[in-house]
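Below is one structure, written out as structure tokens, with a few remarks after it.
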Amino acid sequence: MEYKVLPFITSINPNKGTTNHVAEQLGEILAEHSRMGWEYVRLENVSSFVQPTNGCFGMGSTPGYYTTRQIIIFSKK
């Protein structure tokens, strides 16, 4: 079994966008990869910790933080 993992980042115009636009974007990705022989497995959240930075002599340092990203998982036999 072969797997392919892609980031899923949506783009919505705040004046016109709706959840339908998110669904359309996901549908387009699924259809495109289906045509290439990939089978959709699932949409998953991945949490990560971004390390803090020290900056130069303490100036410009940033604290660490947690972030969550969505990924699309496909498989192919």
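Residue numbering restarts at 1 for every chain of the structure tokens, chains are lettered A, B, ... in their displayed order, and ligands are numbered from 1 as they appear.
If you count only C-alpha atoms and ignore residues fewer than 3 places along the chain from Glu39 (chain A), what sits within 7 Å of it is Ser34, Phe74, Ser75 and Lys76 of chain A.
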Could you turn the residues from that selection into a file that holds N, CA and C atoms, as a compact mmCIF listing (two decimals), in the first residue's frame?
# COMPACT_ATOMS: atom_id res chain seq x y z
N SER A 34 -8.39 11.40 -7.35
CA SER A 34 -9.10 10.18 -7.76
C SER A 34 -8.80 9.86 -9.22
N PHE A 74 -4.42 10.00 1.29
CA PHE A 74 -4.84 9.17 0.17
C PHE A 74 -4.05 7.87 0.21
N SER A 75 -4.59 6.84 -0.41
CA SER A 75 -3.86 5.59 -0.53
C SER A 75 -4.00 5.05 -1.97
N LYS A 76 -3.07 4.17 -2.32
CA LYS A 76 -3.08 3.55 -3.63
C LYS A 76 -2.52 2.13 -3.47
Q: List the neighbours of Val5 (chain A) out to 7 Å using only C-alpha atoms; skip same-chain residues closer than 3 positions along the sequence, and give me the result as a PyMOL selection string.
A: chain A and resi 71-74
Just to be explicit: take each residue in the selection above, keep N, CA, C and O atoms, and write the result as a compact mmCIF listing (two decimals), in the first residue's frame.
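Output saved as result03.txt:
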# COMPACT_ATOMS: atom_id res chain seq x y z
N ILE A 71 -4.59 17.75 7.24
CA ILE A 71 -3.96 17.03 6.14
C ILE A 71 -4.97 16.06 5.53
O ILE A 71 -5.88 15.57 6.22
N ILE A 72 -4.82 15.83 4.24
CA ILE A 72 -5.66 14.86 3.52
C ILE A 72 -4.80 13.63 3.26
O ILE A 72 -3.67 13.76 2.79
N ILE A 73 -5.34 12.47 3.56
CA ILE A 73 -4.59 11.23 3.37
C ILE A 73 -5.24 10.43 2.24
O ILE A 73 -6.46 10.23 2.24
N PHE A 74 -4.42 10.00 1.29
CA PHE A 74 -4.84 9.17 0.17
C PHE A 74 -4.05 7.87 0.21
O PHE A 74 -2.95 7.82 0.75
Q: Might you pull out every residue within 10 Å of Ser47 (chain A), with only C-alpha atoms counted and same-chain residues fewer than 4 positions away left off, and present them as a VMD selection string?
A: chain A and resid 66 to 70
Write the selection just made, keeping C-alpha atoms, as an mmCIF file, in the first residue's frame?
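As a result, part09.cif now contains:
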data_model
loop_
_atom_site.group_PDB
_atom_site.id
_atom_site.type_symbol
_atom_site.label_atom_id
_atom_site.label_comp_id
_atom_site.auth_asym_id
_atom_site.auth_seq_id
_atom_site.Cartn_x
_atom_site.Cartn_y
_atom_site.Cartn_z
ATOM 1 C CA TYR A 66 0.921 25.130 19.464
ATOM 2 C CA THR A 67 -0.678 25.026 16.029
ATOM 3 C CA THR A 68 -3.049 22.641 14.272
ATOM 4 C CA ARG A 69 -2.985 21.826 10.568
ATOM 5 C CA GLN A 70 -5.301 19.690 8.466
#
Q: Enumerate the residues of region 3-72 of chain A with a DSSP assignment of helix (DSSP H, G or I), computed from the backbone, and present them as a ChimeraX atom specification.
A: /A:19-35
Give me a file of those residues, with N, CA, C and O atoms, as a JSON list (two decimals), in the first residue's frame.
[["chain", "number", "residue", "atom", "x", "y", "z"],
["A", 19, "THR", "N", -19.15, 28.03, 4.02],
["A", 19, "THR", "CA", -18.63, 26.68, 4.22],
["A", 19, "THR", "C", -18.77, 25.86, 2.95],
["A", 19, "THR", "O", -18.03, 24.89, 2.75],
["A", 20, "ASN", "N", -19.67, 26.24, 2.07],
["A", 20, "ASN", "CA", -19.80, 25.56, 0.77],
["A", 20, "ASN", "C", -18.51, 25.70, -0.04],
["A", 20, "ASN", "O", -18.12, 24.79, -0.76],
["A", 21, "HIS", "N", -17.86, 26.85, 0.07],
["A", 21, "HIS", "CA", -16.61, 27.06, -0.66],
["A", 21, "HIS", "C", -15.52, 26.12, -0.15],
["A", 21, "HIS", "O", -14.72, 25.61, -0.93],
["A", 22, "VAL", "N", -15.50, 25.89, 1.16],
["A", 22, "VAL", "CA", -14.53, 24.94, 1.73],
["A", 22, "VAL", "C", -14.81, 23.55, 1.18],
["A", 22, "VAL", "O", -13.89, 22.84, 0.76],
["A", 23, "ALA", "N", -16.07, 23.15, 1.17],
["A", 23, "ALA", "CA", -16.45, 21.82, 0.65],
["A", 23, "ALA", "C", -16.10, 21.69, -0.83],
["A", 23, "ALA", "O", -15.63, 20.64, -1.26],
["A", 24, "GLU", "N", -16.30, 22.75, -1.60],
["A", 24, "GLU", "CA", -15.95, 22.72, -3.03],
["A", 24, "GLU", "C", -14.45, 22.54, -3.22],
["A", 24, "GLU", "O", -14.01, 21.78, -4.09],
["A", 25, "GLN", "N", -13.65, 23.25, -2.42],
["A", 25, "GLN", "CA", -12.19, 23.12, -2.53],
["A", 25, "GLN", "C", -11.73, 21.71, -2.21],
["A", 25, "GLN", "O", -10.90, 21.14, -2.92],
["A", 26, "LEU", "N", -12.29, 21.13, -1.15],
["A", 26, "LEU", "CA", -11.95, 19.76, -0.80],
["A", 26, "LEU", "C", -12.39, 18.79, -1.89],
["A", 26, "LEU", "O", -11.64, 17.90, -2.29],
["A", 27, "GLY", "N", -13.59, 18.99, -2.41],
["A", 27, "GLY", "CA", -14.11, 18.14, -3.49],
["A", 27, "GLY", "C", -13.23, 18.17, -4.72],
["A", 27, "GLY", "O", -13.01, 17.13, -5.36],
["A", 28, "GLU", "N", -12.71, 19.34, -5.07],
["A", 28, "GLU", "CA", -11.83, 19.46, -6.23],
["A", 28, "GLU", "C", -10.53, 18.68, -6.03],
["A", 28, "GLU", "O", -10.06, 18.00, -6.94],
["A", 29, "ILE", "N", -9.98, 18.76, -4.83],
["A", 29, "ILE", "CA", -8.75, 18.02, -4.54],
["A", 29, "ILE", "C", -9.01, 16.52, -4.60],
["A", 29, "ILE", "O", -8.22, 15.76, -5.17],
["A", 30, "LEU", "N", -10.13, 16.08, -4.02],
["A", 30, "LEU", "CA", -10.46, 14.65, -4.02],
["A", 30, "LEU", "C", -10.67, 14.14, -5.45],
["A", 30, "LEU", "O", -10.18, 13.07, -5.81],
["A", 31, "ALA", "N", -11.39, 14.90, -6.28],
["A", 31, "ALA", "CA", -11.64, 14.50, -7.65],
["A", 31, "ALA", "C", -10.35, 14.42, -8.45],
["A", 31, "ALA", "O", -10.12, 13.47, -9.21],
["A", 32, "GLU", "N", -9.48, 15.42, -8.29],
["A", 32, "GLU", "CA", -8.21, 15.44, -9.02],
["A", 32, "GLU", "C", -7.35, 14.22, -8.68],
["A", 32, "GLU", "O", -6.81, 13.57, -9.56],
["A", 33, "HIS", "N", -7.25, 13.90, -7.41],
["A", 33, "HIS", "CA", -6.42, 12.76, -7.01],
["A", 33, "HIS", "C", -7.07, 11.43, -7.34],
["A", 33, "HIS", "O", -6.38, 10.45, -7.60],
["A", 34, "SER", "N", -8.39, 11.40, -7.35],
["A", 34, "SER", "CA", -9.10, 10.18, -7.76],
["A", 34, "SER", "C", -8.80, 9.86, -9.22],
["A", 34, "SER", "O", -8.58, 8.70, -9.57],
["A", 35, "ARG", "N", -8.76, 10.89, -10.06],
["A", 35, "ARG", "CA", -8.42, 10.69, -11.48],
["A", 35, "ARG", "C", -7.01, 10.14, -11.65],
["A", 35, "ARG", "O", -6.71, 9.46, -12.62]]
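In this model, the gap between CA of Phe49 (chain A) and CA of Asn13 (chain A) comes to 28.4 Å.
The list of residues with at least one atom within 12 Å of Asn54 (chain A), based on only C-alpha atoms and without residues fewer than 6 positions apart in the same chain, reads Gly60, Ser61, Thr62, Pro63 and Gly64 of chain A.
CA of Arg42 (chain A) to CA of Pro7 (chain A) spans 12.1 Å [interatomic distance, one decimal].
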Q: Looking only at strand (DSSP E) from DSSP on the backbone, list the matching residues of chain A as a count of residues only.
A: 30
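Straight-line separation from CA of Gly37 (chain A) to CA of Phe8 (chain A): 19.0 Å.
Counting only C-alpha atoms, the residue from A:Thr18, A:Met59, A:Val50, A:Val41 that sits nearest to Tyr3 (chain A) is A:Val41.
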